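What follows is a set of notes on a single structure, which appears directly below.
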Amino acid sequence: MIINLDEVDSTNEYLKRMVNDGYDSDEMLTVTAQFQTAGKGRRGRQWFSDPGTALMFSVLVKPKLAIDDCSMITLIMAMAVRQSLKDMNIETLIKWPNDIVLGDKKICGILTEALLESERIIVGVGINTNQESIPDELKESATSILIETDDCIDHDSLLESIIYNFEKLLEKLFKNGDMSDLKSEYEQGLVSLDKEVTVLDPAGEYNGICKGIDNRGQLIVSHEGQETYVYAGEVSVRGIYGYV
């Protein structure tokens with residue numbers, strides 16, 4: 001089911017209120033909006049877009065996984081977005097764990113939140129589609145599909161495709177309980193594969209070479225002769241978002 005809104009604070013918050021008000025269907029529910037007044041990304045960062053110029057939606061999922069493993073759903077959504085854009089002849093890559101990159105700039109962010117009491121996951125997605133310009137403070141790291149390709153995106157068609165691909169990929173994830181059947185496909189679109197990355201770890205920043213992901217979706221980084229596994233945190237990739 002899809003709920004279409006003209007304006008909302010954020011589609012993630014809308015779904016949280018629905019659950020708090022008693023919504024308990026196991027059916028996957030999607031909410032999309034023309035404009036968000038309080039959209040956000042990871043670590044509470046604000047996400048702004050002019051009305052109608054971005055595809056913004058959130059999906060409510062009852063996962064067949066332990067809550068600790070639900071971070072893999074972020075990777076699944078990234079794969080779904082990439083595949084849907086590829087079907088439109090728009091070639092993108094994935095910046096682990098939650099961005100889609102066109103050229104060397106971000107066009108999509110994904111925010112996954114766990115609702116522990118209801119055992120549900122909300123996956124929020126914002127895709128820069130039809131913006132004709134990007135604010136000066138973001139131009140180095142962000143762009144839109146229209147700016148890069150001159151293609152004006154039909155939001156309804158793109159959303160329908162993403163949800164279709166997301167459901168198919170989720171089925172594989174839930175069947176196996178991990179990324180084992182999806183790992184190779186994910187890595188084909190990983191922008192950092194075999195490249196130097198900088199991991200901003202709370203214990204200290206370090207550099208290494210990205211070697212892909214493991215079956216739980218952790219980023220594998222070769223560092224000082226050993227492989228480290230990055231579960232969460234910031235990872236910078238040389239040549240992406242202005243990082244050199």
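Ordering of the structure tokens sets the chain letters (A, B, ...), residue numbers begin anew at 1 in every chain, and ligands are numbered from 1 in the order given.
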Please build the interface table for segment 120-235 of chain A against segment 90-103 of chain A with a cut-off of 6 Å, listing for each qualifying residue the nearest atom pair and the distance in Å to one decimal; count only C-alpha atoms, order rows by chain and increasing number, and write it as JSON lines.
{"residue": "A:Gly189", "atom": "CA", "partner": "A:Leu93", "partner_atom": "CA", "distance": 4.9}
{"residue": "A:Leu190", "atom": "CA", "partner": "A:Ile94", "partner_atom": "CA", "distance": 4.9}
{"residue": "A:Val191", "atom": "CA", "partner": "A:Leu93", "partner_atom": "CA", "distance": 5.4}
* Asked: Could you write out, as a PyMOL selection string, all the residues of segment 47-149 of chain A that DSSP marks as alpha helix (DSSP H)?
  -> chain A and resi 72-87+145-149
* **Pick from A:Gly22, A:Pro63, A:Gly212, A:Gly126 nearest to Leu159 of chain A, counting only C-alpha atoms** =>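 The closest residue to Leu159 of chain A is A:Gly126.
Distance-wise, atom CA of Pro135 of chain A and atom CA of Pro51 of chain A end up 14.9 Å apart.
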* Give me every strand (DSSP E or B) residue in segment 80-237 of chain A, going by DSSP on the backbone, as a PyMOL selection string. => chain A and resi 93-95+99-102+105-115+120-128+142+190+196-201+204-213+219-223+226-230+234-237
* To do: Return the single residue from A:Leu60, A:Ile3, A:Ile67, A:Ala142 that is closest to Thr32 of chain A, with distances computed using only C-alpha atoms.
  => A:Ile3
* **Ser161 of chain A environment, 12 Å, only C-alpha atoms, sequence neighbours closer than 3 positions dropped, as a PyMOL selection string** => chain A and resi 77+79-88+154-158+164-168
Go ahead and write the selection's residues with C-alpha atoms as an mmCIF file, in the first residue's frame.
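As written to disk, out_12.cif reads:
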data_model
loop_
_atom_site.group_PDB
_atom_site.id
_atom_site.type_symbol
_atom_site.label_atom_id
_atom_site.label_comp_id
_atom_site.auth_asym_id
_atom_site.auth_seq_id
_atom_site.Cartn_x
_atom_site.Cartn_y
_atom_site.Cartn_z
ATOM 1 C CA MET A 77 17.326 -0.630 -0.444
ATOM 2 C CA MET A 79 20.575 -2.149 -4.392
ATOM 3 C CA ALA A 80 16.898 -1.629 -5.263
ATOM 4 C CA VAL A 81 17.421 2.060 -6.033
ATOM 5 C CA ARG A 82 20.489 1.343 -8.141
ATOM 6 C CA GLN A 83 18.731 -1.399 -10.114
ATOM 7 C CA SER A 84 15.693 0.784 -10.802
ATOM 8 C CA LEU A 85 17.862 3.621 -12.070
ATOM 9 C CA LYS A 86 19.867 1.173 -14.167
ATOM 10 C CA ASP A 87 16.609 0.017 -15.764
ATOM 11 C CA MET A 88 16.167 3.674 -16.805
ATOM 12 C CA ASP A 154 8.599 10.431 -13.341
ATOM 13 C CA HIS A 155 8.369 9.849 -9.591
ATOM 14 C CA ASP A 156 5.464 7.404 -9.699
ATOM 15 C CA SER A 157 7.221 5.097 -12.157
ATOM 16 C CA LEU A 158 10.516 5.218 -10.280
ATOM 17 C CA TYR A 164 9.199 -3.950 -6.755
ATOM 18 C CA ASN A 165 12.973 -4.498 -6.664
ATOM 19 C CA PHE A 166 13.107 -3.934 -2.914
ATOM 20 C CA GLU A 167 10.511 -6.637 -2.264
ATOM 21 C CA LYS A 168 12.349 -9.139 -4.469
#
Show me, as an mmCIF file with N, CA and C atoms, in the first residue's frame, the residues that have an atom within 9 Å of Lys62 of chain A when counting only C-alpha atoms, minus same-chain residues fewer than 4 positions from it.
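Output contents, as saved in result05.cif:
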data_model
loop_
_atom_site.group_PDB
_atom_site.id
_atom_site.type_symbol
_atom_site.label_atom_id
_atom_site.label_comp_id
_atom_site.auth_asym_id
_atom_site.auth_seq_id
_atom_site.Cartn_x
_atom_site.Cartn_y
_atom_site.Cartn_z
ATOM 1 N N SER A 25 -0.408 -3.918 10.804
ATOM 2 C CA SER A 25 -0.444 -4.839 9.677
ATOM 3 C C SER A 25 0.957 -5.320 9.321
ATOM 4 N N ASP A 26 1.042 -6.572 8.895
ATOM 5 C CA ASP A 26 2.325 -7.104 8.438
ATOM 6 C C ASP A 26 2.635 -6.692 6.999
ATOM 7 N N GLU A 27 1.666 -6.104 6.324
ATOM 8 C CA GLU A 27 1.870 -5.669 4.944
ATOM 9 C C GLU A 27 2.874 -4.518 4.881
ATOM 10 N N MET A 28 3.739 -4.545 3.893
ATOM 11 C CA MET A 28 4.686 -3.456 3.712
ATOM 12 C C MET A 28 3.925 -2.192 3.322
ATOM 13 N N SER A 118 7.692 -2.398 18.444
ATOM 14 C CA SER A 118 6.795 -2.985 17.445
ATOM 15 C C SER A 118 7.506 -3.978 16.530
ATOM 16 N N GLU A 119 8.822 -4.129 16.702
ATOM 17 C CA GLU A 119 9.632 -5.038 15.884
ATOM 18 C C GLU A 119 9.464 -4.744 14.403
ATOM 19 N N ARG A 120 9.554 -3.463 14.073
ATOM 20 C CA ARG A 120 9.464 -3.035 12.678
ATOM 21 C C ARG A 120 10.642 -2.135 12.323
ATOM 22 N N ILE A 121 10.867 -2.011 11.028
ATOM 23 C CA ILE A 121 11.945 -1.191 10.497
ATOM 24 C C ILE A 121 11.334 -0.161 9.554
ATOM 25 N N ILE A 122 11.827 1.073 9.646
ATOM 26 C CA ILE A 122 11.449 2.102 8.682
ATOM 27 C C ILE A 122 12.676 2.432 7.843
#
* Which distance in Å separates atom CA of Lys139 of chain A and atom CA of Gly109 of chain A, to one decimal? ->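 Calculated distance between atom CA of Lys139 of chain A and atom CA of Gly109 of chain A is 15.5 Å.
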* To do: Do a neighbour search on Val125 of chain A at 7 Å with only C-alpha atoms, toss out local chain neighbours closer than 2 positions, and write the hits as a ChimeraX atom specification.
  => /A:56-58,109-111,123,127
* What's the 6 Å shell around Ile209 of chain A, counting only C-alpha atoms, without same-chain residues fewer than 2 positions away, as a list in words? ->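 With the cut-off at 6 Å, the set is Asp194, Lys195, Glu196, Val197, Val221 and Ser222 of chain A.
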Write the residues of the selection above to a file with N, CA and C atoms, as a compact mmCIF listing (two decimals), in the first residue's frame.
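Result went into selection-v9.txt, see below:
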# COMPACT_ATOMS: atom_id res chain seq x y z
N ASP A 194 38.10 -2.17 -3.93
CA ASP A 194 39.53 -2.18 -4.27
C ASP A 194 40.14 -0.77 -4.32
N LYS A 195 39.49 0.18 -3.66
CA LYS A 195 40.01 1.55 -3.59
C LYS A 195 40.41 1.90 -2.16
N GLU A 196 41.23 2.94 -2.06
CA GLU A 196 41.62 3.41 -0.73
C GLU A 196 40.46 4.14 -0.08
N VAL A 197 40.21 3.79 1.18
CA VAL A 197 39.16 4.44 1.95
C VAL A 197 39.72 4.92 3.28
N VAL A 221 37.79 -3.97 5.21
CA VAL A 221 38.87 -3.04 4.89
C VAL A 221 40.20 -3.69 5.26
N SER A 222 41.09 -3.80 4.28
CA SER A 222 42.42 -4.32 4.52
C SER A 222 43.29 -3.20 5.09
* To do: Quick one: everything within 10 Å of Glu205 of chain A, counting only C-alpha atoms, minus sequence neighbours fewer than 4 positions away in the same chain. Send it as a list in words.
  =>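 Here the qualifying residues turn out to be Thr198, Val199, Leu200, Asp201, Glu234 and Val235 of chain A.
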Restricting the output to N, CA and C atoms, write the selected residues as a JSON list (two decimals), in the first residue's frame.
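Result written to result.json:
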[["chain", "number", "residue", "atom", "x", "y", "z"],
["A", 198, "THR", "N", 39.06, 5.89, 3.86],
["A", 198, "THR", "CA", 39.37, 6.35, 5.21],
["A", 198, "THR", "C", 38.18, 6.04, 6.10],
["A", 199, "VAL", "N", 38.42, 5.31, 7.16],
["A", 199, "VAL", "CA", 37.37, 4.92, 8.10],
["A", 199, "VAL", "C", 37.46, 5.83, 9.32],
["A", 200, "LEU", "N", 36.36, 6.54, 9.58],
["A", 200, "LEU", "CA", 36.30, 7.44, 10.74],
["A", 200, "LEU", "C", 35.73, 6.66, 11.91],
["A", 201, "ASP", "N", 36.59, 5.89, 12.54],
["A", 201, "ASP", "CA", 36.20, 5.04, 13.66],
["A", 201, "ASP", "C", 36.29, 5.82, 14.97],
["A", 234, "GLU", "N", 31.44, 6.44, 9.46],
["A", 234, "GLU", "CA", 31.68, 7.15, 8.21],
["A", 234, "GLU", "C", 32.87, 6.53, 7.47],
["A", 235, "VAL", "N", 32.71, 6.38, 6.18],
["A", 235, "VAL", "CA", 33.80, 5.90, 5.33],
["A", 235, "VAL", "C", 33.93, 6.84, 4.15]]
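The spacing separating atom CA of Gln34 of chain A from atom CA of Cys108 of chain A amounts to 15.8 Å.
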